[in-house]
>>> print(open('run.txt').read())   # compact mmCIF, C-alpha atoms and all ligand atoms
# COMPACT_ATOMS: atom_id res chain seq x y z
CA MET U 6 74.96 113.77 90.57
CA THR U 7 78.09 111.66 90.88
CA ALA U 8 78.60 108.44 92.81
CA LEU U 9 79.95 109.99 96.02
CA ASN U 10 77.99 113.25 96.19
CA GLY U 11 77.35 114.31 99.79
CA ARG U 12 79.96 111.94 101.24
CA VAL U 13 82.91 113.10 103.32
CA ALA U 14 86.15 111.17 102.83
CA LEU U 15 89.33 111.22 104.92
CA VAL U 16 92.46 110.05 103.10
CA THR U 17 95.52 109.59 105.29
CA GLY U 18 98.79 110.10 103.46
CA GLY U 19 96.79 112.05 100.89
CA GLY U 20 99.61 114.47 100.14
CA ARG U 21 101.48 112.39 97.58
CA GLY U 22 101.75 109.00 95.89
CA ILE U 23 98.82 106.59 96.06
CA GLY U 24 96.90 108.72 98.59
CA HIS U 25 97.15 111.74 96.33
CA ALA U 26 95.64 109.77 93.41
CA ILE U 27 92.86 108.40 95.63
CA ALA U 28 92.04 111.88 96.99
CA LEU U 29 91.82 113.31 93.47
CA GLN U 30 89.58 110.53 92.18
CA LEU U 31 87.28 110.54 95.24
CA ALA U 32 86.85 114.29 94.78
CA ALA U 33 86.18 113.85 91.06
CA ALA U 34 83.46 111.35 92.02
CA GLY U 35 81.79 114.02 94.18
CA ALA U 36 83.15 113.41 97.69
CA GLN U 37 84.31 116.23 99.94
CA VAL U 38 87.84 115.13 100.71
CA VAL U 39 90.04 115.76 103.74
CA VAL U 40 93.70 114.85 103.25
CA ALA U 41 96.00 114.25 106.21
CA SER U 42 99.75 113.80 106.61
CA ARG U 43 102.77 115.59 108.08
CA SER U 44 103.80 117.61 105.00
CA GLN U 45 101.76 120.81 104.99
CA ASP U 46 103.06 121.95 101.58
CA GLU U 47 102.01 118.69 99.91
CA LEU U 48 98.57 118.83 101.54
CA ALA U 49 98.06 122.43 100.43
CA SER U 50 99.01 121.49 96.89
CA VAL U 51 96.47 118.61 96.75
CA VAL U 52 93.71 120.85 98.12
CA ARG U 53 94.54 123.42 95.42
CA GLU U 54 94.57 120.77 92.70
CA ILE U 55 91.14 119.47 93.77
CA SER U 56 89.68 122.98 94.04
CA ASP U 57 91.07 123.94 90.62
CA ALA U 58 89.30 120.89 89.17
CA GLY U 59 86.00 122.05 90.72
CA GLY U 60 86.11 119.73 93.73
CA VAL U 61 85.96 120.32 97.47
CA ALA U 62 88.88 119.52 99.79
CA ALA U 63 90.58 120.48 103.04
CA ALA U 64 93.76 119.48 104.83
CA VAL U 65 94.59 118.41 108.36
CA GLU U 66 98.21 118.15 109.43
CA CYS U 67 98.76 114.96 111.43
CA ASP U 68 101.65 112.72 112.47
CA LEU U 69 100.27 109.20 112.80
CA SER U 70 103.31 108.06 114.75
CA ASP U 71 102.08 110.31 117.58
CA ARG U 72 99.19 108.52 119.30
CA SER U 73 97.59 111.74 120.59
CA GLN U 74 97.48 113.18 117.04
CA THR U 75 96.03 109.95 115.64
CA LEU U 76 93.31 109.94 118.29
CA ALA U 77 92.31 113.51 117.35
CA LEU U 78 92.36 113.08 113.56
CA VAL U 79 88.85 111.78 112.81
CA ALA U 80 87.23 114.56 114.87
CA ASP U 81 89.50 117.20 113.31
CA ALA U 82 88.75 115.87 109.82
CA GLY U 83 85.01 116.21 110.54
CA GLU U 84 85.26 119.94 111.11
CA PRO U 85 85.38 121.31 107.55
CA PHE U 86 82.51 119.29 106.00
CA GLY U 87 80.95 117.08 108.69
CA PRO U 88 81.68 113.58 110.02
CA VAL U 89 83.76 111.13 108.00
CA ASP U 90 81.69 108.69 105.90
CA ILE U 91 84.62 107.17 103.98
CA LEU U 92 87.89 106.43 105.76
CA VAL U 93 90.86 105.62 103.56
CA ASN U 94 93.75 104.28 105.63
CA ASN U 95 96.56 104.90 103.18
CA ALA U 96 99.47 106.50 105.07
CA GLY U 97 102.32 104.10 105.57
CA VAL U 98 105.93 103.63 106.54
CA GLY U 99 107.78 101.60 103.91
CA SER U 100 110.50 99.03 104.48
CA SER U 101 112.67 101.25 102.31
CA ALA U 102 113.15 103.71 105.19
CA ASP U 103 115.49 101.21 106.94
CA PRO U 104 115.76 97.83 105.17
CA ARG U 105 117.57 95.13 107.18
CA PRO U 106 117.32 91.43 107.97
CA LEU U 107 115.18 90.85 111.09
CA ALA U 108 118.21 89.70 113.08
CA GLU U 109 119.62 93.21 112.67
CA PHE U 110 116.32 95.08 112.91
CA ARG U 111 116.09 98.27 114.95
CA ASP U 112 113.30 97.95 117.52
CA GLU U 113 112.45 101.64 117.12
CA PHE U 114 111.77 101.08 113.43
CA TRP U 115 109.65 98.04 114.22
CA ASP U 116 107.56 100.15 116.63
CA LEU U 117 107.22 103.05 114.17
CA THR U 118 106.14 100.76 111.32
CA LEU U 119 103.56 98.93 113.41
CA GLU U 120 102.25 102.21 114.87
CA VAL U 121 101.64 103.91 111.51
CA ASN U 122 100.70 100.87 109.40
CA LEU U 123 98.60 98.86 111.85
CA THR U 124 97.73 100.73 115.06
CA ALA U 125 96.72 103.96 113.31
CA PRO U 126 94.20 102.18 111.00
CA TYR U 127 92.79 100.45 114.12
CA LEU U 128 92.41 103.72 116.05
CA LEU U 129 91.08 105.71 113.09
CA SER U 130 88.53 103.01 112.23
CA LYS U 131 87.39 102.89 115.86
CA ALA U 132 86.99 106.67 115.89
CA ALA U 133 85.09 106.71 112.58
CA LEU U 134 82.69 103.86 113.44
CA PRO U 135 80.18 105.64 115.76
CA HIS U 136 79.04 108.03 113.02
CA MET U 137 79.00 105.26 110.39
CA ARG U 138 76.95 103.01 112.70
CA GLU U 139 74.50 105.78 113.52
CA GLN U 140 73.78 106.55 109.88
CA LYS U 141 73.99 102.86 108.85
CA TRP U 142 76.42 103.66 106.04
CA GLY U 143 80.18 103.73 106.03
CA ARG U 144 83.23 102.71 104.07
CA ILE U 145 86.63 101.77 105.45
CA ILE U 146 89.22 101.19 102.74
CA THR U 147 92.77 100.32 103.69
CA VAL U 148 95.76 100.39 101.38
CA ALA U 149 97.63 97.27 102.47
CA SER U 150 100.14 95.67 100.07
CA ILE U 151 100.97 92.46 98.27
CA ASN U 152 103.35 92.20 101.23
CA GLY U 153 100.17 91.48 103.19
CA ARG U 154 100.05 88.29 101.09
CA ILE U 155 103.68 87.41 100.46
CA THR U 156 106.94 88.32 102.12
CA ALA U 157 109.83 90.45 100.89
CA PRO U 158 113.45 90.42 102.02
CA HIS U 159 114.66 92.85 104.69
CA ALA U 160 111.13 94.13 105.31
CA GLY U 161 109.99 92.20 108.40
CA ALA U 162 108.06 95.00 110.13
CA TYR U 163 106.41 96.10 106.90
CA VAL U 164 105.37 92.54 105.99
CA ALA U 165 104.06 91.91 109.52
CA SER U 166 102.14 95.20 109.57
CA LYS U 167 100.52 94.55 106.18
CA HIS U 168 99.60 90.94 107.03
CA GLY U 169 98.20 92.28 110.32
CA VAL U 170 96.11 95.00 108.75
CA LEU U 171 94.38 92.45 106.47
CA GLY U 172 93.33 90.50 109.58
CA LEU U 173 92.25 93.67 111.38
CA MET U 174 90.10 94.77 108.44
CA ARG U 175 88.49 91.32 108.10
CA SER U 176 87.60 91.44 111.80
CA LEU U 177 86.03 94.88 111.39
CA ALA U 178 84.20 93.73 108.26
CA SER U 179 82.63 90.76 110.02
CA GLU U 180 81.59 92.78 113.06
CA HIS U 181 79.93 95.59 111.09
CA ALA U 182 78.56 93.85 108.00
CA PRO U 183 74.90 94.13 109.10
CA GLU U 184 75.25 97.88 109.71
CA GLY U 185 75.74 99.14 106.17
CA ILE U 186 79.47 99.51 106.77
CA THR U 187 81.87 97.79 104.39
CA VAL U 188 85.55 97.25 105.15
CA ASN U 189 87.99 96.27 102.42
CA CYS U 190 91.67 96.37 101.51
CA ILE U 191 93.60 97.11 98.36
CA CYS U 192 96.91 95.29 97.95
CA PRO U 193 99.14 97.14 95.48
CA GLY U 194 102.25 95.70 93.92
CA PRO U 195 105.20 98.02 93.21
CA VAL U 196 103.89 101.51 92.45
CA GLN U 197 106.01 104.45 91.30
CA THR U 198 106.05 106.56 94.46
CA ARG U 199 108.74 108.05 96.69
CA MET U 200 108.50 105.07 99.04
CA ASN U 201 108.90 102.47 96.31
CA ASP U 202 111.59 104.36 94.36
CA VAL U 203 113.91 103.92 97.34
CA ARG U 204 113.02 100.25 97.69
CA VAL U 205 113.63 99.52 94.00
CA GLU U 206 117.05 101.22 94.17
CA TYR U 207 117.91 99.22 97.30
CA ASP U 208 116.92 95.91 95.70
CA ALA U 209 118.73 96.63 92.43
CA GLU U 210 121.91 97.35 94.37
CA ARG U 211 121.43 94.35 96.71
CA LEU U 212 120.99 92.02 93.75
CA GLY U 213 123.74 93.64 91.67
CA ARG U 214 121.31 94.46 88.86
CA ASP U 215 121.06 97.38 86.50
CA LEU U 216 118.26 99.62 87.90
CA GLU U 217 116.28 99.86 84.67
CA ALA U 218 116.50 96.13 83.95
CA HIS U 219 115.50 95.35 87.53
CA GLU U 220 112.46 97.63 87.33
CA LYS U 221 111.29 96.13 84.04
CA GLN U 222 110.95 92.62 85.48
CA LEU U 223 109.15 93.63 88.68
CA THR U 224 105.71 92.50 87.47
CA PRO U 225 104.56 89.93 84.89
CA VAL U 226 102.75 92.73 83.02
CA GLY U 227 106.05 94.65 82.98
CA GLY U 228 107.54 97.44 85.10
CA ARG U 229 105.79 99.19 87.97
CA LEU U 230 102.28 100.53 88.45
CA ILE U 231 101.40 104.20 88.82
CA PRO U 232 99.20 105.66 91.60
CA ALA U 233 96.31 106.21 89.16
CA ASP U 234 96.17 102.41 88.65
CA ILE U 235 95.15 102.01 92.30
CA ALA U 236 92.67 104.86 92.82
CA PRO U 237 89.66 103.60 90.77
CA MET U 238 89.31 100.57 93.05
CA ALA U 239 89.09 102.88 96.07
CA VAL U 240 86.37 104.94 94.36
CA TYR U 241 84.45 101.79 93.47
CA LEU U 242 84.70 100.33 96.99
CA ALA U 243 83.47 103.67 98.38
CA SER U 244 80.41 103.72 96.12
CA ASP U 245 76.93 102.31 96.68
CA ALA U 246 77.58 99.95 93.78
CA ALA U 247 79.98 98.02 96.05
CA ARG U 248 77.50 97.72 98.95
CA MET U 249 77.69 93.90 99.00
CA ILE U 250 81.49 93.73 99.00
CA THR U 251 83.08 93.50 102.43
CA GLY U 252 85.99 91.73 104.10
CA GLN U 253 87.86 91.53 100.79
CA ALA U 254 91.39 92.38 99.73
CA TYR U 255 92.07 93.13 96.07
CA ASN U 256 95.50 92.72 94.54
CA ILE U 257 96.39 95.39 91.98
CA ASP U 258 99.88 94.24 91.20
CA GLY U 259 100.56 93.66 87.53
CA GLY U 260 100.03 89.92 88.03
CA ILE U 261 102.52 89.18 90.82
CA CYS U 262 100.04 87.26 93.03
CA MET U 263 97.73 85.09 90.98
CA ALA U 264 96.38 82.91 93.80
P1 LIG K 1 104.56 107.77 99.56
O1 LIG K 1 104.38 108.44 98.27
O2 LIG K 1 105.86 107.82 100.25
O3 LIG K 1 103.39 108.28 100.52
C1 LIG K 1 103.30 107.89 101.86
C2 LIG K 1 102.25 108.78 102.51
O4 LIG K 1 102.11 108.38 103.89
C3 LIG K 1 102.70 110.23 102.49
O5 LIG K 1 101.61 111.09 102.24
C4 LIG K 1 103.22 110.43 103.90
O6 LIG K 1 103.09 111.80 104.30
C5 LIG K 1 102.28 109.53 104.70
N1 LIG K 1 102.86 109.21 106.00
C6 LIG K 1 103.98 108.50 106.23
N2 LIG K 1 104.27 108.50 107.55
C7 LIG K 1 103.29 109.25 108.14
C8 LIG K 1 103.03 109.66 109.47
N3 LIG K 1 103.85 109.34 110.48
N4 LIG K 1 101.94 110.42 109.71
C9 LIG K 1 101.11 110.79 108.71
N5 LIG K 1 101.31 110.45 107.43
C10 LIG K 1 102.38 109.69 107.15
O7 LIG K 1 104.22 106.22 99.43
P2 LIG K 1 103.02 105.41 98.76
O8 LIG K 1 103.65 104.34 97.99
O9 LIG K 1 102.04 106.31 98.11
O10 LIG K 1 102.35 104.74 100.05
C11 LIG K 1 100.96 104.81 100.34
C12 LIG K 1 100.49 103.48 100.90
O11 LIG K 1 100.60 102.49 99.87
C13 LIG K 1 101.31 102.96 102.07
O12 LIG K 1 100.45 102.39 103.04
C14 LIG K 1 102.16 101.87 101.44
O13 LIG K 1 102.55 100.89 102.36
C15 LIG K 1 101.20 101.33 100.40
N6 LIG K 1 101.84 100.57 99.33
C16 LIG K 1 102.71 101.17 98.47
C17 LIG K 1 103.29 100.42 97.47
C18 LIG K 1 104.26 101.02 96.48
O14 LIG K 1 104.90 100.25 95.75
N7 LIG K 1 104.39 102.33 96.40
C19 LIG K 1 102.99 99.06 97.35
C20 LIG K 1 102.11 98.49 98.24
C21 LIG K 1 101.53 99.25 99.23
P3 LIG K 1 104.18 112.60 105.17
O15 LIG K 1 105.52 111.99 104.95
O16 LIG K 1 104.04 113.99 104.67
O17 LIG K 1 103.68 112.46 106.58
>>> encode(input="run.txt", output="structure tokens", more="lines below")
Ligand code: NAP
Amino acid sequence: MTALNGRVALVTGGGRGIGHAIALQLAAAGAQVVVASRSQDELASVVREISDAGGVAAAVECDLSDRSQTLALVADAGEPFGPVDILVNNAGVGSSADPRPLAEFRDEFWDLTLEVNLTAPYLLSKAALPHMREQKWGRIITVASINGRITAPHAGAYVASKHGVLGLMRSLASEHAPEGITVNCICPGPVQTRMNDVRVEYDAERLGRDLEAHEKQLTPVGGRLIPADIAPMAVYLASDAARMITGQAYNIDGGICMA
């Protein structure tokens, strides 16, 4: 019997990067995991990886920038194994997709970032809550960012969305604390993923620095994190051991934010 036996988890953006690591570790802890994103090939590969390791997983293709798809996701994710007990809001649009000062920001990119990073977690949480409330047990875990704590240049929509999602999750936590539902955030620093690779290259070029030297000084501990540095916190927050932890946001950032 492992910590999450019998629980069904939905991990958005579970096809690669941080979501991939979280999906793998939730499955290793006994959860039945549904991964969701737009890239079918990546989802299929994660499902295979989990099955090969003796776990249970399924995939649902979903574009969280399309409101109708977001609204259907929690119900669709409940089909393979039953209703979602653990919702991991991980999918995100990074600033690296179109970094600019706010004065030159494209409104379409603002809307896209807010839709995927803030509105989707709101809608998915709302859709997951009825089952969690009924069974008096639920976990909502959102991958925010240290940019939910501090700003970054040329990343206005991203910073706003990540500050916003911390507030959203605290509101949910306070409203559902007596119902056995905990709601928490993880705030990663720079993690080696596709999203952050592009950002690190952009910043090195913007600052006129050698890429390797720039990367080395990104955290006080040194260099960047890897997705597997983030996943154990998600597994812990999903477990019964963390039943008294709610409304919190944990920095996993190599020591960038020490406040
Ligand atoms: P990543 O490897 O690029 O993964 C992003 C994931 O989000 C992918 O699975 C992607 O899948 C999914 N996604 C993006 N847009 C989507 C959409 N419209 N609909 C559905 N899924 C979508 O980046 P990552 O670094 O692991 O990012 C995961 C989370 O960590 C994000 O919320 C990010 O803001 C946060 N974070 C990352 C870092 C970092 O340094 N890497 C730091 C702090 C916070 P598809 O493209 O296939 O749809």
>>> axis_aligned_box(input="run.txt", around="ligand LIG 1 (chain K)", padding_each_side="8 Å", output="lines of an AutoDock Vina configuration file")
center_x = 103.2
center_y = 106.2
center_z = 103.1
size_x = 21.4
size_y = 31.5
size_z = 30.7
>>> closest_residue(input="run.txt", among="U:Ala62, U:Ile155, U:Val196, U:Val51", to="Gly228 (chain U)", atoms="all atoms listed in the file")
U:Val196
>>> closest_atom_pairs(input="run.txt", of="region 87-204 of chain U", to="region 21-41 of chain U", cutoff="10 Å", atoms="all atoms listed in the file", output="JSON lines")
{"residue": "U:Gly87", "atom": "CA", "partner": "U:Gln37", "partner_atom": "CA", "distance": 9.4}
{"residue": "U:Val89", "atom": "CA", "partner": "U:Val39", "partner_atom": "CA", "distance": 8.9}
{"residue": "U:Asp90", "atom": "CA", "partner": "U:Ala36", "partner_atom": "CA", "distance": 9.6}
{"residue": "U:Ile91", "atom": "CA", "partner": "U:Ala36", "partner_atom": "CA", "distance": 9.0}
{"residue": "U:Leu92", "atom": "CA", "partner": "U:Val39", "partner_atom": "CA", "distance": 9.8}
{"residue": "U:Val93", "atom": "CA", "partner": "U:Gly24", "partner_atom": "CA", "distance": 8.4}
{"residue": "U:Asn94", "atom": "CA", "partner": "U:Gly24", "partner_atom": "CA", "distance": 8.9}
{"residue": "U:Asn95", "atom": "CA", "partner": "U:Gly24", "partner_atom": "CA", "distance": 6.0}
{"residue": "U:Ala96", "atom": "CA", "partner": "U:Gly24", "partner_atom": "CA", "distance": 7.3}
{"residue": "U:Gly97", "atom": "CA", "partner": "U:Gly24", "partner_atom": "CA", "distance": 10.0}
{"residue": "U:Val148", "atom": "CA", "partner": "U:Ile23", "partner_atom": "CA", "distance": 8.7}
{"residue": "U:Pro193", "atom": "CA", "partner": "U:Ile23", "partner_atom": "CA", "distance": 9.5}
{"residue": "U:Val196", "atom": "CA", "partner": "U:Ile23", "partner_atom": "CA", "distance": 8.0}
{"residue": "U:Gln197", "atom": "CA", "partner": "U:Gly22", "partner_atom": "CA", "distance": 7.7}
{"residue": "U:Thr198", "atom": "CA", "partner": "U:Gly22", "partner_atom": "CA", "distance": 5.1}
{"residue": "U:Arg199", "atom": "CA", "partner": "U:Gly22", "partner_atom": "CA", "distance": 7.1}
{"residue": "U:Met200", "atom": "CA", "partner": "U:Gly22", "partner_atom": "CA", "distance": 8.4}
{"residue": "U:Asn201", "atom": "CA", "partner": "U:Gly22", "partner_atom": "CA", "distance": 9.7}
>>> residues_near_point(input="run.txt", point="(101.1, 91.5, 102.1)", cutoff="9 Å", atoms="only C-alpha atoms", output="list in words")
Ala149, Ser150, Ile151, Asn152, Gly153, Arg154, Ile155, Thr156, Ala157, Tyr163, Val164, Ala165, Ser166, Lys167, His168, Gly169, Leu171, Cys192 and Pro193 of chain U
>>> closest_residue(input="run.txt", among="U:Gly213, U:Gly194, U:Gly11, U:Gly172", to="ligand LIG 1 (chain K)", atoms="all atoms listed in the file")
U:Gly194
>>> closest_residue(input="run.txt", among="U:Ala218, U:Ile55, U:Ala162, U:Ala14", to="ligand LIG 1 (chain K)", atoms="only C-alpha atoms and all ligand atoms")
U:Ala162
>>> residues_around(input="run.txt", residues="Ala209 (chain U)", least_positions_apart="4", cutoff="12 Å", atoms="only C-alpha atoms", output="PyMOL selection string")
chain U and resi 202-205+213-223
>>> residues_around(input="run.txt", residues="Gln253 (chain U)", least_positions_apart="2", cutoff="8 Å", atoms="only C-alpha atoms", output="list of chain:residue names")
U:Arg175, U:Val188, U:Asn189, U:Cys190, U:Ile250, U:Thr251, U:Tyr255
>>> residues_around(input="run.txt", residues="Tyr241 (chain U)", least_positions_apart="4", cutoff="10 Å", atoms="only C-alpha atoms", output="list in words")
Ala8, Leu9, Leu31, Ala34, Ala236, Pro237, Asp245, Ala246, Ala247 and Arg248 of chain U
>>> atom_distance(input="run.txt", atom1="CA of Thr75 (chain U)", atom2="CA of Pro106 (chain U)")
29.2 Å
>>> atom_distance(input="run.txt", atom1="CA of Glu180 (chain U)", atom2="CA of Tyr127 (chain U)")
13.6 Å
